[in-house]
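Working notes, structure below.
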Amino acid sequence: MISSRPPSAPQPRSPFPSATPAKPAPAVLESLAHGASVRLAGVRRAFKGGVVAIDGVNLEVGLGEFVALLGPSGCGKSTLLRLVAGLDQPDEGAVEVVGGGVAFVFQDAHLLPWRTVLENVALPLELAGIRAGDRLAEARAAIDEVGLGDASGRRPAELSGGMRMRVSLARALVTRPRLLLLDEPFAALDELTRHRLDDQLRALWLAQGMTVLFVTHSITEAAYLAQRAIVFSSRPARTVADVPVDLGRERGPAIRTEASFARATRVLFDALEQAGA
Amino acid sequence: MIRRALAPLAALAVLLSLWELAVRALHVPAYVLPPPSAIAVAGGAEASTLAAAAFCTGRAALLGFALSAVIGVLVAVVLASSRLLERALYPYTVFLQTVPIVAIAPILVLWFGAGFRSVAVSALIVSVFPVIANTLAGLRSVDPALEDLFRLYGATPTATLVKLRLPAAVPQIVTGLRVAAGLAVIGAIVGEFVAGYSEEGAGLGITVMAANRQLRTDLLFAAVLSASLLGLAMFGAVNLAGYLLLRRWHPSEKSDRS
Ligand SMILES: Nc1ncnc2c1ncn2[C@@H]1O[C@H](COP(=O)(O)OP(=O)(O)O)[C@@H](O)[C@H]1O
Ligand SMILES: [Mg+2]
């Protein structure tokens with residue numbers, strides 16, 4: 001179901017073998033049809049007590065783009081993501097998502113501890129009133145996509161942190177979202193697990209073509225994952241840089257040691273430093 | 001398990017021995033403080049009376065406890081449904097905690113008649129507050145990220161209550177029920193003091209008063225002990241049920257149990 005490597009690259013097998021054989025990534029045009037577009041114009045959000053989290057933010061994200069949102073911690077990235085998800089309303093300006101189907105992945109897995117993996121992943125479909133048979137089949141497919149097929153009967157307390165995060169990812173994917181919002185999703189994991197999940201997320205994006213907004217404070221993670229990185233200033237968040245990451249669509253772990261990767265992280269590093277991180 | 005029971009059992013044996021020796025050495029009259037051996041003998045001789053009384057009290061306490069669980073959770077759900085309702089009504093639920101049950105028991109007799117029903121209602125009144133308070137705290141302490149998730153997926157308020165808030169509150173509900181189980185027995189016995197006389201049979205509260213009037217202090221102690229055991233049994237049953245319910249998913253159940 002997923003292909004986490006370009007077919008040509010001489011890479012070891014995927015760390016998450018899936019039940020179904022790997023399928024080549026769909027053509028760009030085909031994947032565009034699956035994304036949503038996002039537009040923020042002059043958005044301001046101030047909280048009670050006078051904290052202005054974001055102010056004057058303009059942002060356009062096209063269909064099927066993978067965009068990293070970088071910025072110093074506390075600058076308002078989570079606030080921005082909640083606005084895009086419709087979980088919060090701006091005080092000024094407009095937030096527009098065209099194409100619907102939003103899913104959200106938080107920094108921690110936030111699973112329902114009394115439910116099994118399968119029941120957790122099926123939750124969004126359950127809330128949408130999908131019949132039990134259909135939603136469980138969809139949930140199984142999503143669990144397979146993140147390589148957790150063996151764990152579907154277990155409960156969150158019986159899983160490692162990385163597995164829980166993959167359940168969270170499967171729960172987001174089960175609705176086949178057109179816009180996937182992730183708020184520092186892998187920040188709490190060890191580096192090896194994080195790299196694996198990065199690869200998996202990229203593979204899922206290549207296969208499904210949804211639009212991805214990925215909040216992170218890791219420069220290398222932003223460079224590795226995204227086609228484009230937007231750098232925010234410290235609070236109140238304003239966009240200070242909007243940089244393409246020219247590393248091609250197909251990336252594998254080997255790229256982390258290449259000069260082009262070092263250059264890309266350098267660009268982001270400079271932009272972030274200018275932002276006053 | 002056996003090892004952990006060893007220390008308290010040893011402490012009990014020492015305590016009982018000291019009690020026995022002290023009472024005999026100091027020639028304390030048996031109607032003031034009987035020795036443990038006399039209590040055991042009285043308990044053995046009146047075993048069937050005590051068992052019948054414990055059954056009578058236990059039945060009323062159990063009904064009171066069950067009502068407490070249902071009414072307590074329902075009241076908490078209603079209070080949690082709006083800040084305004086909670087602010088308006090919660091102070092009055094505190095009354096339940098301060099109401100002198102002995103003083104209102106005559107009213108219960110007036111309304112429900114003497115005996116079983118009044119005693120059960122007395123158990124309910126005494127035990128319902130911890131259920132309300134704990135359930136309310138549980139319903140209020142739901143992970144905000146999960147509330148966001150339910151909102152994102154367009155969950156109705158009912159779905160959010162049934163699939164998120166109530167299950168998330170289960171550990172606190174169980175805590176409330178544990179406290180309520182012990183209190184229900186106390187409430188039933190106090191209720192019996194005033195409202196317990198009836199044809200249907202006498203509970204432990206009646207036994208306690210009768211033994212007291214006859215200066216049969218050994219039987220009095222045996223009845224008090226039976227009441228404690230009854231409370232302990234109800235507490236233990238709730239504890240076990242809570243443990244079985246929560247062991248699969250509630251992290252604190254692993255470390256929290258003493
Ligand atoms: N609900 C809220 N009420 C008040 N202040 C908030 C709220 N949410 C966030 N903030 C404040 O807004 C600022 C930005 O927060 P956040 O968006 O979480 O930053 P980031 O995700 O970039 O670390 C912080 O100073 C935070 O304290
Ligand atoms: Mg944040």
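Labeling convention for the structure tokens: chains A, B, ... as they appear, residues from 1 per chain, ligands from 1 in order of appearance.
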
Under the rule of at most 7 Å, produce a per-residue listing of chain B near chain A: chain, number, name, the closest pair of atoms, and the distance in Å, as a tab-separated table, using only C-alpha atoms.
residue	atom	partner	partner_atom	distance
B:Ala145	CA	A:His110	CA	6.9
B:Leu146	CA	A:His110	CA	6.4
B:Asp148	CA	A:Leu87	CA	6.7
B:Leu152	CA	A:Leu87	CA	6.9
B:Tyr153	CA	A:Pro124	CA	6.0
B:Ala155	CA	A:Leu127	CA	5.6
B:Trp249	CA	A:Pro113	CA	5.2
B:His250	CA	A:Pro113	CA	6.9

Grab the residues selected above and save them as a PDB file, in the first residue's frame with N, CA and C atoms.
ATOM      1  N   ALA B 145      -7.438  18.016  24.204  1.00  0.00           N
ATOM      2  CA  ALA B 145      -7.113  17.636  22.826  1.00  0.00           C
ATOM      3  C   ALA B 145      -8.158  16.650  22.290  1.00  0.00           C
ATOM      4  N   LEU B 146      -8.623  15.745  23.172  1.00  0.00           N
ATOM      5  CA  LEU B 146      -9.641  14.794  22.727  1.00  0.00           C
ATOM      6  C   LEU B 146     -10.978  15.508  22.491  1.00  0.00           C
ATOM      7  N   ASP B 148     -11.201  18.515  21.391  1.00  0.00           N
ATOM      8  CA  ASP B 148     -10.983  19.125  20.073  1.00  0.00           C
ATOM      9  C   ASP B 148     -11.217  18.109  18.962  1.00  0.00           C
ATOM     10  N   LEU B 152     -13.725  18.342  15.971  1.00  0.00           N
ATOM     11  CA  LEU B 152     -13.259  18.329  14.587  1.00  0.00           C
ATOM     12  C   LEU B 152     -14.063  17.351  13.742  1.00  0.00           C
ATOM     13  N   TYR B 153     -14.428  16.224  14.346  1.00  0.00           N
ATOM     14  CA  TYR B 153     -15.168  15.220  13.599  1.00  0.00           C
ATOM     15  C   TYR B 153     -16.674  15.355  13.778  1.00  0.00           C
ATOM     16  N   ALA B 155     -18.749  15.549  16.355  1.00  0.00           N
ATOM     17  CA  ALA B 155     -19.498  14.718  17.296  1.00  0.00           C
ATOM     18  C   ALA B 155     -20.626  15.519  17.946  1.00  0.00           C
ATOM     19  N   TRP B 249      -6.832  -0.433  30.916  1.00  0.00           N
ATOM     20  CA  TRP B 249      -6.510   0.841  30.284  1.00  0.00           C
ATOM     21  C   TRP B 249      -6.146   1.977  31.189  1.00  0.00           C
ATOM     22  N   HIS B 250      -6.476   1.929  32.459  1.00  0.00           N
ATOM     23  CA  HIS B 250      -6.185   3.104  33.264  1.00  0.00           C
ATOM     24  C   HIS B 250      -4.822   2.985  33.908  1.00  0.00           C
TER      25      HIS B 250
END

*Find the residues near Leu79 in chain B: any atom within 10 Å, counting only C-alpha atoms, skip ones fewer than 3 places away on the same chain, and give them as a list of chain:residue names.*
B:Val73, B:Leu74, B:Val75, B:Ala76, B:Ser82, B:Arg83, B:Leu84, B:Leu85, B:Glu86, B:Arg87, B:Ala88, B:Leu89, B:Tyr90, B:Ile132, B:Leu136, B:Leu139

Generate the output file for the selected residues, N, CA and C atoms, as a PDB file, in the first residue's frame.
ATOM      1  N   VAL B  73     -24.504   9.778  39.402  1.00  0.00           N
ATOM      2  CA  VAL B  73     -23.936   9.983  38.065  1.00  0.00           C
ATOM      3  C   VAL B  73     -24.880  10.858  37.226  1.00  0.00           C
ATOM      4  N   LEU B  74     -26.186  10.595  37.317  1.00  0.00           N
ATOM      5  CA  LEU B  74     -27.140  11.403  36.538  1.00  0.00           C
ATOM      6  C   LEU B  74     -27.077  12.876  36.938  1.00  0.00           C
ATOM      7  N   VAL B  75     -27.072  13.128  38.246  1.00  0.00           N
ATOM      8  CA  VAL B  75     -27.010  14.517  38.713  1.00  0.00           C
ATOM      9  C   VAL B  75     -25.725  15.178  38.216  1.00  0.00           C
ATOM     10  N   ALA B  76     -24.602  14.447  38.285  1.00  0.00           N
ATOM     11  CA  ALA B  76     -23.330  15.018  37.835  1.00  0.00           C
ATOM     12  C   ALA B  76     -23.373  15.327  36.346  1.00  0.00           C
ATOM     13  N   SER B  82     -23.924  22.262  31.924  1.00  0.00           N
ATOM     14  CA  SER B  82     -23.804  23.717  31.760  1.00  0.00           C
ATOM     15  C   SER B  82     -23.206  24.343  33.010  1.00  0.00           C
ATOM     16  N   ARG B  83     -22.338  25.314  32.772  1.00  0.00           N
ATOM     17  CA  ARG B  83     -21.692  26.037  33.867  1.00  0.00           C
ATOM     18  C   ARG B  83     -22.740  26.680  34.763  1.00  0.00           C
ATOM     19  N   LEU B  84     -23.789  27.224  34.113  1.00  0.00           N
ATOM     20  CA  LEU B  84     -24.824  27.935  34.854  1.00  0.00           C
ATOM     21  C   LEU B  84     -25.530  26.988  35.812  1.00  0.00           C
ATOM     22  N   LEU B  85     -25.912  25.818  35.278  1.00  0.00           N
ATOM     23  CA  LEU B  85     -26.573  24.823  36.121  1.00  0.00           C
ATOM     24  C   LEU B  85     -25.681  24.429  37.290  1.00  0.00           C
ATOM     25  N   GLU B  86     -24.401  24.202  36.989  1.00  0.00           N
ATOM     26  CA  GLU B  86     -23.504  23.778  38.055  1.00  0.00           C
ATOM     27  C   GLU B  86     -23.422  24.843  39.135  1.00  0.00           C
ATOM     28  N   ARG B  87     -23.253  26.116  38.676  1.00  0.00           N
ATOM     29  CA  ARG B  87     -23.117  27.190  39.663  1.00  0.00           C
ATOM     30  C   ARG B  87     -24.403  27.341  40.475  1.00  0.00           C
ATOM     31  N   ALA B  88     -25.541  27.138  39.807  1.00  0.00           N
ATOM     32  CA  ALA B  88     -26.814  27.318  40.499  1.00  0.00           C
ATOM     33  C   ALA B  88     -27.112  26.185  41.483  1.00  0.00           C
ATOM     34  N   LEU B  89     -26.745  24.960  41.117  1.00  0.00           N
ATOM     35  CA  LEU B  89     -27.230  23.812  41.887  1.00  0.00           C
ATOM     36  C   LEU B  89     -26.186  23.119  42.762  1.00  0.00           C
ATOM     37  N   TYR B  90     -24.914  23.215  42.368  1.00  0.00           N
ATOM     38  CA  TYR B  90     -23.905  22.441  43.094  1.00  0.00           C
ATOM     39  C   TYR B  90     -23.887  22.746  44.596  1.00  0.00           C
ATOM     40  N   ILE B 132     -21.551  12.237  43.266  1.00  0.00           N
ATOM     41  CA  ILE B 132     -21.755  13.459  42.477  1.00  0.00           C
ATOM     42  C   ILE B 132     -20.434  14.206  42.312  1.00  0.00           C
ATOM     43  N   LEU B 136     -18.465  14.536  38.754  1.00  0.00           N
ATOM     44  CA  LEU B 136     -18.362  15.884  38.198  1.00  0.00           C
ATOM     45  C   LEU B 136     -16.908  16.227  37.894  1.00  0.00           C
ATOM     46  N   LEU B 139     -15.859  14.285  34.810  1.00  0.00           N
ATOM     47  CA  LEU B 139     -16.424  14.818  33.564  1.00  0.00           C
ATOM     48  C   LEU B 139     -15.732  16.114  33.165  1.00  0.00           C
TER      49      LEU B 139
END

*For ligand 2, list the contacting residues at 9 Å or closer, counting only C-alpha atoms and all ligand atoms, as a PyMOL selection string.*
chain A and resi 73-79+81+107+183-184+215-216

*Mind checking which residues fall within 7 Å of range 172-187 of chain B, counting only C-alpha atoms, ignoring those fewer than 4 positions away in the same chain, and posting them as a list in words?*
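The residues satisfying every condition are Ala61, Gly64, Phe65, Ala69, Ser122, Ala123, Leu124, Val126, Ser127, Val128, Pro130, Val131, Asn134, Thr135, Gly138, Gly191, Gly231, Leu232, Met234, Phe235, Val238, Asn239 and Gly242 of chain B.
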
Residues just named, written with N, CA, C and O atoms as a compact mmCIF listing (two decimals), in the first residue's frame:
# COMPACT_ATOMS: atom_id res chain seq x y z
N ALA B 61 -28.62 -1.22 52.45
CA ALA B 61 -27.42 -0.47 52.09
C ALA B 61 -27.13 -0.64 50.60
O ALA B 61 -26.76 0.32 49.90
N GLY B 64 -29.57 1.41 48.64
CA GLY B 64 -29.19 2.81 48.78
C GLY B 64 -27.97 3.12 47.93
O GLY B 64 -27.90 4.14 47.24
N PHE B 65 -27.00 2.21 47.94
CA PHE B 65 -25.78 2.40 47.16
C PHE B 65 -26.08 2.42 45.66
O PHE B 65 -25.57 3.26 44.92
N ALA B 69 -25.44 5.41 43.10
CA ALA B 69 -24.62 5.34 41.89
C ALA B 69 -25.38 5.93 40.71
O ALA B 69 -24.86 6.78 39.98
N SER B 122 -32.10 6.53 53.55
CA SER B 122 -31.08 7.09 54.43
C SER B 122 -29.67 6.75 53.92
O SER B 122 -28.78 7.61 53.88
N ALA B 123 -29.49 5.52 53.49
CA ALA B 123 -28.20 5.12 52.91
C ALA B 123 -27.90 5.94 51.66
O ALA B 123 -26.77 6.38 51.44
N LEU B 124 -28.92 6.17 50.85
CA LEU B 124 -28.76 6.98 49.63
C LEU B 124 -28.30 8.39 49.98
O LEU B 124 -27.33 8.89 49.42
N VAL B 126 -26.84 9.61 52.57
CA VAL B 126 -25.51 9.70 53.14
C VAL B 126 -24.41 9.42 52.11
O VAL B 126 -23.32 9.97 52.18
N SER B 127 -24.73 8.60 51.11
CA SER B 127 -23.64 8.15 50.23
C SER B 127 -23.61 8.81 48.86
O SER B 127 -22.68 8.59 48.08
N VAL B 128 -24.60 9.65 48.53
CA VAL B 128 -24.67 10.13 47.15
C VAL B 128 -23.68 11.25 46.84
O VAL B 128 -23.21 11.38 45.71
N PRO B 130 -20.40 11.92 47.51
CA PRO B 130 -19.10 11.61 46.89
C PRO B 130 -19.23 11.13 45.44
O PRO B 130 -18.32 11.35 44.64
N VAL B 131 -20.35 10.50 45.11
CA VAL B 131 -20.54 10.07 43.72
C VAL B 131 -20.71 11.30 42.83
O VAL B 131 -20.07 11.42 41.77
N ASN B 134 -17.24 13.33 42.69
CA ASN B 134 -16.17 12.68 41.92
C ASN B 134 -16.52 12.57 40.44
O ASN B 134 -15.67 12.77 39.57
N THR B 135 -17.78 12.24 40.14
CA THR B 135 -18.18 12.14 38.74
C THR B 135 -18.03 13.50 38.06
O THR B 135 -17.52 13.60 36.94
N GLY B 138 -14.54 14.15 37.29
CA GLY B 138 -14.11 13.33 36.17
C GLY B 138 -14.60 13.89 34.84
O GLY B 138 -13.85 13.97 33.87
N GLY B 191 -29.87 5.12 59.80
CA GLY B 191 -31.29 5.13 59.44
C GLY B 191 -32.09 4.16 60.30
O GLY B 191 -33.18 4.47 60.75
N GLY B 231 -19.51 -3.27 55.65
CA GLY B 231 -18.98 -2.12 54.91
C GLY B 231 -17.75 -2.50 54.12
O GLY B 231 -17.59 -2.14 52.94
N LEU B 232 -16.89 -3.29 54.77
CA LEU B 232 -15.65 -3.72 54.11
C LEU B 232 -15.95 -4.58 52.88
O LEU B 232 -15.32 -4.44 51.83
N MET B 234 -18.65 -4.49 51.03
CA MET B 234 -19.16 -3.66 49.93
C MET B 234 -18.04 -2.86 49.29
O MET B 234 -17.95 -2.74 48.08
N PHE B 235 -17.17 -2.29 50.14
CA PHE B 235 -16.02 -1.55 49.63
C PHE B 235 -15.16 -2.45 48.76
O PHE B 235 -14.76 -2.09 47.65
N VAL B 238 -16.74 -3.21 45.33
CA VAL B 238 -16.62 -2.08 44.41
C VAL B 238 -15.19 -1.94 43.93
O VAL B 238 -14.91 -1.71 42.75
N ASN B 239 -14.26 -2.10 44.87
CA ASN B 239 -12.85 -2.01 44.54
C ASN B 239 -12.46 -3.03 43.48
O ASN B 239 -11.80 -2.71 42.49
N GLY B 242 -14.05 -2.21 40.14
CA GLY B 242 -13.32 -1.10 39.53
C GLY B 242 -11.99 -1.55 38.96
O GLY B 242 -11.62 -1.17 37.84

*Using DSSP on the backbone, list every residue of range 27-182 of chain A that comes out as strand (DSSP E or B), and give them as a count of residues only.*
40

*Can you list, as a PyMOL selection string, every protein, DNA or RNA residue that comes within 9 Å of Leu272 in chain A when you count only C-alpha atoms, leaving out same-chain residues fewer than 2 positions away?*
chain A and resi 70-72+219+231-233+240-241+267-270+274-277

Take the residues that were just selected and, keeping N, CA, C and O atoms, output them as a CSV table (one decimal), in the first residue's frame.
chain,number,residue,atom,x,y,z
A,70,LEU,N,7.8,26.4,10.6
A,70,LEU,CA,8.9,26.5,11.6
A,70,LEU,C,8.9,27.7,12.4
A,70,LEU,O,8.5,28.8,11.8
A,71,GLY,N,9.2,27.7,13.6
A,71,GLY,CA,9.3,28.9,14.4
A,71,GLY,C,9.7,28.6,15.8
A,71,GLY,O,9.5,27.5,16.3
A,72,PRO,N,10.1,29.6,16.5
A,72,PRO,CA,10.5,29.4,17.9
A,72,PRO,C,9.3,29.0,18.7
A,72,PRO,O,8.2,29.3,18.4
A,219,ILE,N,14.8,21.8,12.3
A,219,ILE,CA,15.1,22.3,11.0
A,219,ILE,C,15.4,21.1,10.1
A,219,ILE,O,14.9,21.1,8.9
A,231,VAL,N,8.8,30.1,7.7
A,231,VAL,CA,9.4,30.4,9.0
A,231,VAL,C,8.7,31.6,9.7
A,231,VAL,O,8.4,32.6,9.1
A,232,PHE,N,8.4,31.4,11.0
A,232,PHE,CA,7.6,32.4,11.7
A,232,PHE,C,8.6,33.1,12.7
A,232,PHE,O,9.5,32.5,13.2
A,233,SER,N,8.2,34.4,12.9
A,233,SER,CA,9.0,35.2,13.9
A,233,SER,C,8.5,34.7,15.3
A,233,SER,O,7.5,34.1,15.5
A,240,VAL,N,8.2,35.3,8.3
A,240,VAL,CA,9.4,36.0,7.9
A,240,VAL,C,10.1,35.4,6.8
A,240,VAL,O,11.0,36.1,6.2
A,241,ALA,N,9.9,34.2,6.5
A,241,ALA,CA,10.5,33.6,5.3
A,241,ALA,C,9.6,32.5,4.7
A,241,ALA,O,8.9,31.8,5.5
A,267,VAL,N,19.9,27.0,4.8
A,267,VAL,CA,19.0,28.1,4.4
A,267,VAL,C,17.9,28.3,5.5
A,267,VAL,O,17.6,29.4,5.9
A,268,LEU,N,17.4,27.2,6.0
A,268,LEU,CA,16.3,27.3,7.0
A,268,LEU,C,16.9,27.8,8.3
A,268,LEU,O,16.3,28.6,9.0
A,269,PHE,N,18.1,27.3,8.6
A,269,PHE,CA,18.7,27.8,9.8
A,269,PHE,C,18.9,29.3,9.8
A,269,PHE,O,18.6,30.0,10.8
A,270,ASP,N,19.4,29.8,8.7
A,270,ASP,CA,19.6,31.3,8.6
A,270,ASP,C,18.3,32.0,8.7
A,270,ASP,O,18.2,33.0,9.5
A,274,GLN,N,17.2,34.7,11.7
A,274,GLN,CA,16.8,36.0,11.4
A,274,GLN,C,15.4,36.3,12.1
A,274,GLN,O,15.1,37.4,12.5
A,275,ALA,N,14.7,35.2,12.3
A,275,ALA,CA,13.3,35.3,12.9
A,275,ALA,C,13.5,35.6,14.4
A,275,ALA,O,12.5,36.0,15.1
A,276,GLY,N,14.7,35.5,14.9
A,276,GLY,CA,14.9,35.8,16.3
A,276,GLY,C,14.6,34.7,17.3
A,276,GLY,O,14.1,34.9,18.3
A,277,ALA,N,14.9,33.5,16.8
A,277,ALA,CA,14.7,32.3,17.6
A,277,ALA,C,15.6,32.3,18.8
A,277,ALA,O,16.7,32.8,18.7

_Those of range 206-270 of chain A in DSSP helix (DSSP H, G or I), formatted as a ChimeraX atom specification_ = /A:206-208,219-225,253-257,259-270

Output the selection as a short mmCIF file (atom, residue, chain, number, x, y, z; two decimals), in the first residue's frame - C-alpha atoms for each residue.
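Dumped everything to part.cif:
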data_model
loop_
_atom_site.label_atom_id
_atom_site.label_comp_id
_atom_site.auth_asym_id
_atom_site.auth_seq_id
_atom_site.Cartn_x
_atom_site.Cartn_y
_atom_site.Cartn_z
CA LEU A 206 3.26 10.58 -1.95
CA ALA A 207 0.67 7.82 -2.14
CA GLN A 208 -2.39 9.86 -1.18
CA ILE A 219 15.14 22.26 10.99
CA THR A 220 16.34 18.91 9.69
CA GLU A 221 12.87 17.41 9.96
CA ALA A 222 11.41 20.37 8.04
CA ALA A 223 14.08 20.06 5.33
CA TYR A 224 13.67 16.31 5.06
CA LEU A 225 9.90 16.29 4.83
CA PRO A 253 17.33 8.33 4.52
CA ALA A 254 20.52 8.55 2.45
CA ILE A 255 19.73 12.13 1.58
CA ARG A 256 20.39 13.20 5.18
CA THR A 257 24.13 12.95 4.58
CA ALA A 259 25.52 18.13 0.55
CA SER A 260 22.20 19.31 -0.95
CA PHE A 261 20.49 18.41 2.34
CA ALA A 262 23.09 20.32 4.33
CA ARG A 263 22.51 23.36 2.08
CA ALA A 264 18.75 23.15 2.53
CA THR A 265 19.04 23.01 6.32
CA ARG A 266 21.52 25.92 6.20
CA VAL A 267 18.97 28.09 4.40
CA LEU A 268 16.31 27.26 6.99
CA PHE A 269 18.73 27.79 9.83
CA ASP A 270 19.61 31.28 8.60
#

*Nearest to ligand 1: which of A:Ala237, A:Ala142, A:Ala229, A:Ala151 is it, counting only C-alpha atoms and all ligand atoms?*
A:Ala237
